[in-house]
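**Student:** Got a file for you: entry-v2.cif, mmCIF, C-alpha atoms and all ligand atoms.
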```cif
data_query
#
loop_
_atom_site.label_atom_id
_atom_site.label_comp_id
_atom_site.auth_asym_id
_atom_site.auth_seq_id
_atom_site.Cartn_x
_atom_site.Cartn_y
_atom_site.Cartn_z
CA MET L 1 16.95 -44.82 53.58
CA LYS L 2 14.53 -42.39 55.16
CA LEU L 3 13.61 -42.70 58.82
CA ILE L 4 9.91 -43.04 58.02
CA ASP L 5 10.60 -46.11 55.83
CA PHE L 6 12.79 -47.66 58.54
CA TRP L 7 10.10 -46.91 61.13
CA ARG L 8 7.38 -48.66 59.15
CA GLU L 9 9.43 -51.88 59.40
CA GLU L 10 11.22 -51.54 62.72
CA SER L 11 9.08 -49.43 65.06
CA VAL L 12 8.48 -52.46 67.30
CA ARG L 13 12.09 -52.07 68.53
CA PHE L 14 11.39 -48.66 70.09
CA ASP L 15 9.02 -47.08 72.61
CA ALA L 16 9.67 -43.38 71.99
CA ILE L 17 11.66 -40.89 69.93
CA LEU L 18 13.64 -37.81 70.91
CA PHE L 19 14.11 -35.39 68.02
CA ASP L 20 16.73 -32.74 67.55
CA ILE L 21 15.11 -29.75 65.81
CA ASP L 22 17.53 -27.71 63.67
CA GLY L 23 18.96 -29.66 60.77
CA THR L 24 16.68 -32.58 61.62
CA LEU L 25 13.10 -31.31 61.34
CA VAL L 26 13.67 -27.76 60.13
CA TYR L 27 16.36 -25.64 58.60
CA GLY L 28 15.70 -22.15 59.91
CA PRO L 29 12.10 -21.28 58.99
CA GLN L 30 11.81 -24.09 56.43
CA PRO L 31 10.56 -27.59 57.24
CA ILE L 32 12.73 -30.50 56.16
CA PRO L 33 10.69 -32.53 53.67
CA GLY L 34 8.93 -35.49 55.28
CA ALA L 35 9.25 -34.19 58.88
CA ALA L 36 5.60 -33.17 59.26
CA GLU L 37 4.41 -36.45 57.74
CA PHE L 38 6.56 -38.54 60.06
CA LEU L 39 5.36 -36.68 63.16
CA ALA L 40 1.76 -37.11 61.99
CA LEU L 41 2.40 -40.86 61.74
CA LEU L 42 3.75 -40.95 65.32
CA ARG L 43 0.75 -38.98 66.60
CA ARG L 44 -1.65 -41.29 64.80
CA ASP L 45 0.04 -44.37 66.33
CA GLY L 46 0.31 -42.79 69.79
CA THR L 47 4.10 -43.07 69.86
CA PRO L 48 5.49 -40.66 72.48
CA PHE L 49 8.12 -38.17 71.40
CA PHE L 50 9.81 -34.96 72.50
CA PHE L 51 11.68 -32.22 70.71
CA LEU L 52 15.06 -31.94 72.42
CA THR L 53 16.74 -28.61 71.87
CA ASN L 54 19.94 -26.89 72.95
CA ASP L 55 18.26 -23.55 72.26
CA GLY L 56 18.26 -22.06 75.74
CA ASP L 57 17.63 -18.47 74.74
CA HIS L 58 14.03 -18.97 73.65
CA THR L 59 11.17 -20.24 75.79
CA ARG L 60 9.59 -23.60 75.07
CA ARG L 61 6.49 -21.73 73.92
CA GLN L 62 8.58 -19.69 71.46
CA LYS L 63 10.33 -22.82 70.22
CA SER L 64 7.05 -24.64 69.56
CA GLY L 65 5.87 -21.46 67.80
CA PHE L 66 8.90 -21.57 65.48
CA LEU L 67 8.10 -25.18 64.63
CA ASN L 68 4.43 -24.46 64.02
CA ARG L 69 5.26 -21.56 61.72
CA ALA L 70 7.58 -23.89 59.78
CA GLY L 71 4.66 -26.27 59.30
CA ILE L 72 5.70 -28.72 62.02
CA GLU L 73 2.96 -29.34 64.58
CA ALA L 74 4.42 -28.97 68.06
CA ALA L 75 3.03 -28.23 71.51
CA GLU L 76 4.94 -26.32 74.16
CA SER L 77 4.75 -29.39 76.41
CA GLU L 78 6.52 -31.47 73.75
CA VAL L 79 9.64 -29.29 73.86
CA ILE L 80 12.47 -30.14 76.25
CA SER L 81 15.18 -27.50 76.23
CA CYS L 82 18.63 -27.47 77.76
CA LEU L 83 17.16 -25.19 80.43
CA SER L 84 14.54 -27.77 81.44
CA VAL L 85 17.02 -29.41 83.81
CA LEU L 86 18.01 -26.12 85.50
CA PRO L 87 15.24 -25.63 88.12
CA GLU L 88 15.82 -29.02 89.75
CA LEU L 89 19.61 -28.68 89.55
CA ALA L 90 19.36 -25.19 91.08
CA ARG L 91 17.24 -26.54 93.92
CA ARG L 92 19.73 -29.33 94.67
CA ARG L 93 22.75 -27.03 94.56
CA GLY L 94 21.07 -24.19 96.47
CA TRP L 95 21.37 -21.67 93.63
CA ASP L 96 17.65 -20.98 93.98
CA ARG L 97 18.35 -19.27 97.32
CA GLY L 98 20.37 -16.56 95.58
CA THR L 99 20.32 -14.61 92.35
CA LEU L 100 22.02 -15.70 89.13
CA PHE L 101 23.54 -13.17 86.77
CA GLN L 102 22.04 -13.58 83.30
CA VAL L 103 24.25 -12.98 80.26
CA GLY L 104 22.42 -12.33 76.98
CA ARG L 105 19.01 -13.90 76.47
CA VAL L 106 17.66 -16.99 78.23
CA GLY L 107 14.36 -18.85 77.99
CA ASP L 108 12.37 -20.56 80.77
CA THR L 109 14.26 -20.74 84.07
CA GLY L 110 11.43 -21.93 86.29
CA GLY L 111 11.16 -18.81 88.41
CA LEU L 112 14.84 -18.52 89.41
CA LYS L 113 15.88 -15.02 90.43
CA LEU L 114 17.96 -13.39 87.68
CA GLU L 115 19.97 -10.16 87.54
CA ARG L 116 20.84 -8.47 84.25
CA ASP L 117 22.44 -5.26 85.45
CA LEU L 118 26.24 -5.56 85.70
CA ALA L 119 26.08 -3.29 88.76
CA GLY L 120 24.48 -6.22 90.60
CA LEU L 121 26.91 -8.90 89.38
CA GLU L 122 29.05 -8.99 92.52
CA GLN L 123 26.09 -10.02 94.71
CA CYS L 124 25.11 -12.88 92.40
CA CYS L 125 25.67 -16.49 93.48
CA GLY L 126 26.64 -17.53 89.95
CA VAL L 127 26.35 -16.78 86.24
CA LEU L 128 23.90 -18.14 83.67
CA MET L 129 25.28 -17.83 80.15
CA GLY L 130 22.65 -17.06 77.52
CA GLU L 131 22.98 -16.06 73.90
CA GLY L 132 21.55 -13.44 71.58
CA ASN L 133 22.80 -9.91 71.14
CA TYR L 134 24.52 -8.32 74.13
CA ASP L 135 27.58 -6.19 74.75
CA TRP L 136 29.94 -9.14 74.93
CA ARG L 137 33.09 -7.12 75.54
CA THR L 138 31.76 -5.26 78.58
CA SER L 139 30.15 -8.43 79.91
CA TRP L 140 33.19 -10.67 79.38
CA GLU L 141 35.48 -8.16 81.10
CA ALA L 142 33.10 -8.00 84.08
CA LEU L 143 32.72 -11.79 84.18
CA THR L 144 36.48 -12.30 84.03
CA GLY L 145 36.90 -10.08 87.08
CA PHE L 146 34.00 -11.77 88.86
CA PHE L 147 35.39 -15.29 88.43
CA ARG L 148 38.91 -14.20 89.39
CA ARG L 149 37.42 -13.07 92.70
CA HIS L 150 34.95 -15.97 93.00
CA PRO L 151 36.29 -19.01 91.14
CA ASP L 152 33.97 -21.30 93.14
CA ARG L 153 30.72 -19.67 92.06
CA PRO L 154 28.97 -21.67 89.30
CA PHE L 155 29.27 -20.71 85.64
CA ILE L 156 26.15 -22.34 84.20
CA VAL L 157 26.09 -22.83 80.43
CA PRO L 158 22.79 -24.26 79.15
CA ASN L 159 23.95 -24.60 75.57
CA PRO L 160 27.37 -26.30 75.32
CA ASP L 161 27.54 -25.80 71.54
CA THR L 162 30.56 -24.08 70.03
CA CYS L 163 28.53 -22.72 67.16
CA TRP L 164 25.27 -23.14 65.30
CA PRO L 165 24.32 -22.79 61.63
CA ASN L 166 22.72 -19.40 61.03
CA ALA L 167 20.04 -19.99 58.40
CA VAL L 168 19.54 -16.22 57.98
CA THR L 169 23.15 -15.31 57.13
CA GLY L 170 24.32 -18.70 55.88
CA GLY L 171 27.25 -18.35 58.28
CA ILE L 172 27.71 -19.48 61.86
CA GLY L 173 26.64 -18.08 65.20
CA ILE L 174 28.90 -18.56 68.23
CA GLY L 175 27.03 -20.61 70.83
CA ALA L 176 26.98 -20.02 74.57
CA GLY L 177 29.36 -22.98 74.97
CA GLY L 178 31.89 -21.41 72.61
CA GLN L 179 31.62 -18.10 74.45
CA ALA L 180 31.99 -19.79 77.84
CA ARG L 181 35.14 -21.60 76.72
CA CYS L 182 36.62 -18.29 75.50
CA ILE L 183 36.03 -16.82 78.97
CA ARG L 184 37.45 -19.95 80.60
CA LEU L 185 40.58 -19.68 78.43
CA LEU L 186 41.04 -16.00 79.30
CA LEU L 187 40.78 -16.85 82.99
CA HIS L 188 43.17 -19.78 82.62
CA GLU L 189 45.77 -17.54 81.01
CA MET L 190 45.37 -15.20 83.98
CA GLY L 191 45.95 -18.07 86.41
CA THR L 192 42.36 -18.87 87.42
CA ASP L 193 40.79 -22.19 86.47
CA ILE L 194 37.02 -22.57 86.39
CA GLU L 195 34.89 -25.37 84.97
CA PRO L 196 31.62 -24.38 83.28
CA ILE L 197 28.57 -26.47 84.16
CA TYR L 198 26.91 -27.54 80.91
CA LEU L 199 23.26 -28.59 80.79
CA GLY L 200 22.27 -29.45 77.19
CA LYS L 201 23.17 -32.15 74.69
CA PRO L 202 25.51 -34.08 74.76
CA CYS L 203 25.43 -33.89 78.59
CA THR L 204 23.43 -36.71 80.09
CA ALA L 205 21.27 -34.49 82.34
CA ILE L 206 18.91 -33.54 79.51
CA TYR L 207 18.56 -37.22 78.48
CA ASP L 208 17.87 -38.24 82.08
CA PHE L 209 15.19 -35.55 82.23
CA ALA L 210 13.62 -36.76 78.96
CA ALA L 211 13.62 -40.41 80.10
CA GLU L 212 11.95 -39.31 83.32
CA GLN L 213 9.29 -37.39 81.39
CA LEU L 214 8.68 -40.44 79.21
CA GLY L 215 8.54 -42.67 82.30
CA MET L 216 10.71 -45.23 80.53
CA ALA L 217 13.39 -47.21 82.24
CA GLU L 218 14.57 -49.04 79.11
CA ARG L 219 16.87 -46.41 77.60
CA SER L 220 17.91 -48.54 74.61
CA ARG L 221 14.29 -48.46 73.39
CA ILE L 222 14.37 -44.66 73.08
CA LEU L 223 15.51 -43.62 69.61
CA CYS L 224 17.34 -40.27 69.43
CA ILE L 225 17.39 -38.61 66.02
CA GLY L 226 19.70 -35.70 65.22
CA ASP L 227 22.16 -34.23 62.75
CA SER L 228 25.17 -33.64 65.01
CA LEU L 229 27.71 -36.34 65.85
CA ALA L 230 29.24 -34.36 68.72
CA SER L 231 25.92 -33.38 70.25
CA ASP L 232 22.98 -35.63 69.31
CA ILE L 233 24.81 -38.88 68.63
CA ARG L 234 27.38 -38.65 71.41
CA GLY L 235 24.70 -37.63 73.90
CA ALA L 236 22.39 -40.49 72.93
CA ASN L 237 25.19 -43.06 73.02
CA ASN L 238 26.52 -41.89 76.39
CA SER L 239 23.07 -41.90 77.96
CA GLY L 240 22.34 -45.47 76.85
CA MET L 241 19.78 -44.51 74.22
CA TYR L 242 19.73 -45.61 70.57
CA SER L 243 21.32 -43.07 68.23
CA GLY L 244 20.21 -42.24 64.70
CA LEU L 245 21.85 -39.64 62.48
CA VAL L 246 20.12 -37.73 59.68
CA LEU L 247 22.22 -36.27 56.86
CA THR L 248 20.04 -33.17 56.39
CA GLY L 249 22.07 -30.97 58.75
CA ILE L 250 25.70 -30.40 59.62
CA THR L 251 27.09 -33.92 59.06
CA SER L 252 28.11 -35.43 55.73
CA ARG L 253 27.97 -39.14 54.90
CA GLU L 254 31.80 -39.27 54.91
CA GLN L 255 31.92 -37.81 58.42
CA ALA L 256 29.28 -40.30 59.56
CA GLU L 257 31.27 -43.21 58.15
CA GLN L 258 34.49 -42.03 59.80
CA ALA L 259 32.89 -41.50 63.21
CA ARG L 260 34.19 -43.78 65.96
CA GLY L 261 33.41 -44.60 69.56
CA GLU L 262 30.84 -42.40 71.25
CA TYR L 263 30.49 -40.34 68.06
CA ARG L 264 29.39 -43.28 65.94
CA PRO L 265 25.68 -43.35 65.04
CA ARG L 266 23.98 -46.72 65.28
CA LEU L 267 21.69 -45.79 62.40
CA VAL L 268 22.14 -43.34 59.51
CA PHE L 269 19.28 -41.90 57.45
CA GLU L 270 19.24 -39.64 54.45
CA SER L 271 16.47 -37.68 56.17
CA VAL L 272 13.48 -38.11 58.45
MG MG M 1 20.66 -30.06 64.90
#
```
What is this structure when it is put down as structure tokens?
**Tutor:**
Amino acid sequence: MKLIDFWREESVRFDAILFDIDGTLVYGPQPIPGAAEFLALLRRDGTPFFFLTNDGDHTRRQKSGFLNRAGIEAAESEVISCLSVLPELARRRGWDRGTLFQVGRVGDTGGLKLERDLAGLEQCCGVLMGEGNYDWRTSWEALTGFFRRHPDRPFIVPNPDTCWPNAVTGGIGIGAGGQARCIRLLLHEMGTDIEPIYLGKPCTAIYDFAAEQLGMAERSRILCIGDSLASDIRGANNSGMYSGLVLTGITSREQAEQARGEYRPRLVFESV
């Protein structure tokens, strides 16, 4: 069944929808068939929704631009990224009083002070792990030394993903989460243990932020649609929202049927 057909019958059960983007609404620059029509239906009915993305290396404006170019109408204000939770977290933890070292590319950080020159790393109060092209070897060696000297300084990782499907090459890209865990393993083998602070899906912070934006206390009436069991489904289930998997991305029907516990989707759709 397609989500739009389910929604025509069952929409009364829900107040809002949170959409994953890649593999759910688009695949790279191509729209997934039916996505634009379903969003048009929600707009017509006044159903609130957000696009929830673990892409922390583009701004929300850039991300809405990608969607628009793929034929999916999206406003910047409708995008919640894994970085959306950072400004408030930084304020609470006091990171906003110092400078964070930025690795790779990051999107909106709400005016936090960032340093990109490795010469300034030592003075930074923590590290913010982005993605994109950067000299990973030089950076990782510097970061390893930094965290051996300062294991208590925060290692902030907006995107916890191990990898992501690269629609351009057909292969995979290594996500910031995968890179952070490599650095953590290197440090562990050298006798220093650090724990990265993850912000995006499946961590509950991004779902709490979205629920706050929606102004909805009843989490079980927020439907979360995505293509990843480990990210979208687990995150929705653990945050008390209602999970729905689409089979247009990285998960097969067999994997969906075998999923258990927090990984198990409450609904499965062929597509949006
Ligand atoms: Mg996805």
**Student:** Within 7 Å of ligand MG 1 (chain M), which residues show up when you count only C-alpha atoms and all ligand atoms? List them as an NGL selection string, please.
**Tutor:** :L and (20-24 or 226-228 or 249)
**Student:** Determine the nearest neighbour of Gly200 of chain L from the options L:Ile250, L:Ile72, L:Ile4, L:Val157, counting only C-alpha atoms.
**Tutor:**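 Checking each candidate against Gly200 of chain L, we get L:Val157 as the closest.
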**Student:** Take atom CA of Ala36 of chain L and atom CA of Ala217 of chain L and report the distance between them in Å, one decimal.
**Tutor:**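 For atom CA of Ala36 of chain L relative to atom CA of Ala217 of chain L, the distance reads 28.0 Å.
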**Student:** List every residue of segment 87-178 of chain L that has an atom at most 10 Å from any atom of segment 52-57 of chain L, giving for each one its closest atom pair and the distance in Å to one decimal, counting only C-alpha atoms, sorted by chain and then by ascending residue number, as a tab-separated table.
**Tutor:**
```
residue	atom	partner	partner_atom	distance
L:Gly104	CA	L:Asp57	CA	8.1
L:Arg105	CA	L:Asp57	CA	5.1
L:Val106	CA	L:Asp57	CA	3.8
L:Gly107	CA	L:Asp57	CA	4.6
L:Asp108	CA	L:Gly56	CA	7.9
L:Thr109	CA	L:Gly56	CA	9.3
L:Met129	CA	L:Gly56	CA	9.3
L:Gly130	CA	L:Asp57	CA	5.9
L:Glu131	CA	L:Asp57	CA	5.9
L:Gly132	CA	L:Asp57	CA	7.1
L:Val157	CA	L:Gly56	CA	9.2
L:Pro158	CA	L:Gly56	CA	6.1
L:Asn159	CA	L:Asn54	CA	5.3
L:Pro160	CA	L:Asn54	CA	7.8
L:Asp161	CA	L:Asn54	CA	7.8
L:Trp164	CA	L:Asp55	CA	9.9
L:Gly175	CA	L:Asp55	CA	9.4
L:Ala176	CA	L:Gly56	CA	9.0
```
**Student:** For a test of reading the model, state the distance in Å between atom CA of Asp15 of chain L and atom CA of Asp208 of chain L, rounded to one decimal.
**Tutor:** 15.7 Å
**Student:** Atom CA of Ser84 of chain L and atom CA of Leu18 of chain L are how many Å apart?
**Tutor:** 14.6 Å
**Student:** When you look at Gln30 of chain L with a cut-off of 10 Å (counting all atoms listed in the file), what residues show up, excluding the ones that are within fewer than 5 positions of it in the same chain? I need them as a PyMOL selection string.
**Tutor:** chain L and resi 22+25+66-67+69-72+167
**Student:** The selected residues should be written to file as a PDB file, keeping the file's coordinate frame (atoms: C-alpha atoms).
**Tutor:**
```pdb
ATOM      1  CA  ASP L  22      17.530 -27.710  63.670  1.00  0.00           C
ATOM      2  CA  LEU L  25      13.100 -31.310  61.340  1.00  0.00           C
ATOM      3  CA  PHE L  66       8.900 -21.570  65.480  1.00  0.00           C
ATOM      4  CA  LEU L  67       8.100 -25.180  64.630  1.00  0.00           C
ATOM      5  CA  ARG L  69       5.260 -21.560  61.720  1.00  0.00           C
ATOM      6  CA  ALA L  70       7.580 -23.890  59.780  1.00  0.00           C
ATOM      7  CA  GLY L  71       4.660 -26.270  59.300  1.00  0.00           C
ATOM      8  CA  ILE L  72       5.700 -28.720  62.020  1.00  0.00           C
ATOM      9  CA  ALA L 167      20.040 -19.990  58.400  1.00  0.00           C
TER      10      ALA L 167
END
```
**Student:** Can you pull out every residue within 8 Å of Leu86 of chain L, counting all atoms listed in the file, but drop anything in the same chain fewer than 2 positions away, and send it as a list in words?
**Tutor:**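 Near neighbours after the sequence-gap exclusion: Cys82, Leu83, Ser84, Glu88, Leu89, Ala90, Thr109, Gly110 and Leu199 of chain L.
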